[in-house]
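What follows is a single structure, written as structure tokens, with notes after it.
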Amino acid sequence: MNKKIRWITETAVMLALLVSLQALTKPMGQIVTGSCVNAILAISALVGGLSCGLTVALISPVLAFLLGIAPQILTVPAIMVGNSVYVVLLHYLADPAGKNLVRQAAAWGIAAVGKFATLYLLVAKLICGVLAGSLLEAGLMKEPMLKALPATFSFPQLFTALIGGSIALVIVPLLKKALKK
């Protein structure tokens, strides 16, 4: 199969799964939805490759906002960066063959911490800290949201990245075998 067609197909399938899981799990809360999203991000990066993973990472928060899952448009760029950090770290640190379990676990942990730290710094510290006064003054955000966002973009992000990554670590070897990658 042509490489471009395969990439388009894999990326489209990952995006379709992502949208479906976001819509289906939205009523179940952040832990379930976030874990599903992180599983798709990890699978995209580890099976589809870096460009597939980054495409899904960048489109995911836009879709989440459109579905009413992302709480504020101002958080979308931060989520894009956090997702991209997760995908890049997984892609470069994980064992491509998936046989070195220590390397896989280390990549999974480092990627989850990287995403958590990125989102915490960008949302909790920058948007809700440094920029809070300006955002309130400009009417771009209301006080209750500025108080709620740090909790959403702190440790739950670490947990969902760890859960999603662990799901992917189980699924990826099976997918690679089925796709003979």
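Identifiers for the structure tokens are assigned positionally: chains receive A, B, ... in sequence, residues are indexed from 1 per chain, and ligands are indexed from 1 in the order shown.
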Show me, as a Markdown table, the residues of stretch 46-107 of chain A having an atom within 12 Å of stretch 173-176 of chain A, each with the closest atom pair and its distance in Å, using only C-alpha atoms.
| residue | atom | partner | partner_atom | distance |
| --- | --- | --- | --- | --- |
| A:Leu46 | CA | A:Lys176 | CA | 9.0 |
| A:Val47 | CA | A:Lys176 | CA | 6.6 |
| A:Gly48 | CA | A:Lys176 | CA | 9.6 |
| A:Gly49 | CA | A:Lys176 | CA | 11.6 |
| A:Asp95 | CA | A:Pro173 | CA | 11.0 |
| A:Pro96 | CA | A:Pro173 | CA | 10.0 |
| A:Ala97 | CA | A:Pro173 | CA | 8.3 |
| A:Gly98 | CA | A:Pro173 | CA | 6.5 |
| A:Lys99 | CA | A:Pro173 | CA | 8.8 |
| A:Asn100 | CA | A:Pro173 | CA | 11.6 |
| A:Leu101 | CA | A:Pro173 | CA | 11.4 |
| A:Gln104 | CA | A:Pro173 | CA | 11.3 |
Using all heavy atoms, can you export the residues from the last selection as a compact mmCIF listing (two decimals), in the first residue's frame?
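What follows is the written file out-v8.txt:
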# COMPACT_ATOMS: atom_id res chain seq x y z
N LEU A 46 2.62 5.47 18.50
CA LEU A 46 3.41 4.24 18.50
C LEU A 46 3.09 3.31 17.33
O LEU A 46 3.92 2.49 16.96
CB LEU A 46 3.21 3.50 19.83
CG LEU A 46 3.70 4.27 21.06
CD1 LEU A 46 3.32 3.53 22.35
CD2 LEU A 46 5.20 4.51 21.00
N VAL A 47 1.91 3.44 16.74
CA VAL A 47 1.56 2.62 15.59
C VAL A 47 1.60 3.43 14.31
O VAL A 47 2.19 3.01 13.32
CB VAL A 47 0.16 1.97 15.77
CG1 VAL A 47 -0.25 1.20 14.52
CG2 VAL A 47 0.14 1.05 16.98
N GLY A 48 0.99 4.61 14.31
CA GLY A 48 0.93 5.43 13.11
C GLY A 48 2.17 6.26 12.86
O GLY A 48 2.38 6.75 11.76
N GLY A 49 2.97 6.45 13.89
CA GLY A 49 4.19 7.24 13.74
C GLY A 49 4.03 8.65 14.28
O GLY A 49 2.93 9.07 14.68
N ASP A 95 10.42 1.72 23.01
CA ASP A 95 11.09 0.73 22.18
C ASP A 95 10.24 0.48 20.93
O ASP A 95 9.10 0.05 21.05
CB ASP A 95 11.27 -0.56 22.98
CG ASP A 95 11.85 -1.70 22.17
OD1 ASP A 95 12.51 -1.43 21.15
OD2 ASP A 95 11.65 -2.86 22.56
N PRO A 96 10.78 0.77 19.73
CA PRO A 96 9.98 0.61 18.52
C PRO A 96 9.42 -0.81 18.34
O PRO A 96 8.33 -0.99 17.84
CB PRO A 96 10.95 0.95 17.38
CG PRO A 96 12.08 1.66 18.01
CD PRO A 96 12.13 1.23 19.45
N ALA A 97 10.18 -1.80 18.78
CA ALA A 97 9.72 -3.18 18.65
C ALA A 97 8.76 -3.56 19.78
O ALA A 97 8.05 -4.55 19.69
CB ALA A 97 10.92 -4.13 18.64
N GLY A 98 8.75 -2.76 20.83
CA GLY A 98 7.85 -3.03 21.95
C GLY A 98 8.25 -4.21 22.81
O GLY A 98 7.45 -4.70 23.60
N LYS A 99 9.49 -4.66 22.70
CA LYS A 99 9.92 -5.85 23.44
C LYS A 99 10.62 -5.52 24.75
O LYS A 99 10.67 -6.34 25.65
CB LYS A 99 10.82 -6.71 22.55
CG LYS A 99 10.04 -7.26 21.36
CD LYS A 99 10.88 -8.14 20.50
CE LYS A 99 10.00 -8.61 19.34
NZ LYS A 99 10.63 -9.46 18.43
N ASN A 100 11.18 -4.32 24.85
CA ASN A 100 11.88 -3.93 26.06
C ASN A 100 10.87 -3.29 27.02
O ASN A 100 10.54 -2.12 26.91
CB ASN A 100 13.02 -2.96 25.72
CG ASN A 100 13.86 -2.60 26.91
OD1 ASN A 100 13.41 -2.62 28.05
ND2 ASN A 100 15.11 -2.26 26.65
N LEU A 101 10.38 -4.08 27.95
CA LEU A 101 9.32 -3.61 28.85
C LEU A 101 9.78 -2.49 29.77
O LEU A 101 8.99 -1.61 30.10
CB LEU A 101 8.77 -4.78 29.67
CG LEU A 101 8.04 -5.85 28.86
CD1 LEU A 101 7.57 -6.98 29.76
CD2 LEU A 101 6.88 -5.25 28.10
N GLN A 104 9.69 0.58 27.70
CA GLN A 104 8.30 0.96 27.45
C GLN A 104 7.71 1.65 28.69
O GLN A 104 7.06 2.68 28.57
CB GLN A 104 7.44 -0.27 27.11
CG GLN A 104 7.81 -0.96 25.82
CD GLN A 104 7.68 -0.10 24.60
OE1 GLN A 104 8.60 0.63 24.24
NE2 GLN A 104 6.55 -0.16 23.95
List the spatial neighbours of A:Ser35 as a PDB file with C-alpha atoms, in the first residue's frame - criterion: any atom at most 7 Å away, only C-alpha atoms, same-chain residues fewer than 2 positions off excluded.
ATOM      1  CA  ILE A  31     -10.762  10.524  34.147  1.00  0.00           C
ATOM      2  CA  VAL A  32     -12.561   8.246  31.675  1.00  0.00           C
ATOM      3  CA  THR A  33     -12.557  10.643  28.713  1.00  0.00           C
ATOM      4  CA  VAL A  37      -7.938  10.332  24.611  1.00  0.00           C
ATOM      5  CA  ASN A  38      -4.448   9.570  25.943  1.00  0.00           C
ATOM      6  CA  ALA A  39      -4.747   5.938  24.824  1.00  0.00           C
ATOM      7  CA  THR A 160      -5.265  10.111  32.660  1.00  0.00           C
ATOM      8  CA  ALA A 161      -1.933  10.075  30.812  1.00  0.00           C
ATOM      9  CA  ILE A 163      -4.035   5.203  32.434  1.00  0.00           C
ATOM     10  CA  GLY A 164      -4.211   5.923  28.699  1.00  0.00           C
TER      11      GLY A 164
END
Tell me which of A:Ala111, A:Glu10, A:Ala78, A:Ile69 sits closest to A:Ala94, counting only C-alpha atoms.
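Ranking A:Ala111, A:Glu10, A:Ala78, A:Ile69 by distance to A:Ala94, first place goes to A:Ala111.
If you count only C-alpha atoms and ignore residues fewer than 4 places along the chain from A:Gly129, what sits within 12 Å of it is Tyr120, Leu121, Leu122, Val123, Ala124, Lys125, Gly133, Ser134, Leu135, Leu136, Glu143, Leu146, Lys147, Leu149 and Pro150 of chain A.
Non-sequential neighbours of A:Val85 (distance at most 9 Å, separation of 3 or more positions within a chain, only C-alpha atoms) are Met80, Val81, Gly82, Val88, Leu89, Leu90, Ala111, Gly114, Lys115 and Thr118 of chain A.
Distance-wise, atom CA of A:Ser60 and atom CA of A:Val87 end up 12.3 Å apart.
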Considering only C-alpha atoms, can you say which of A:Ala42, A:Val76, A:Met28, A:Ala138 comes closest to A:Leu93?
A:Ala42
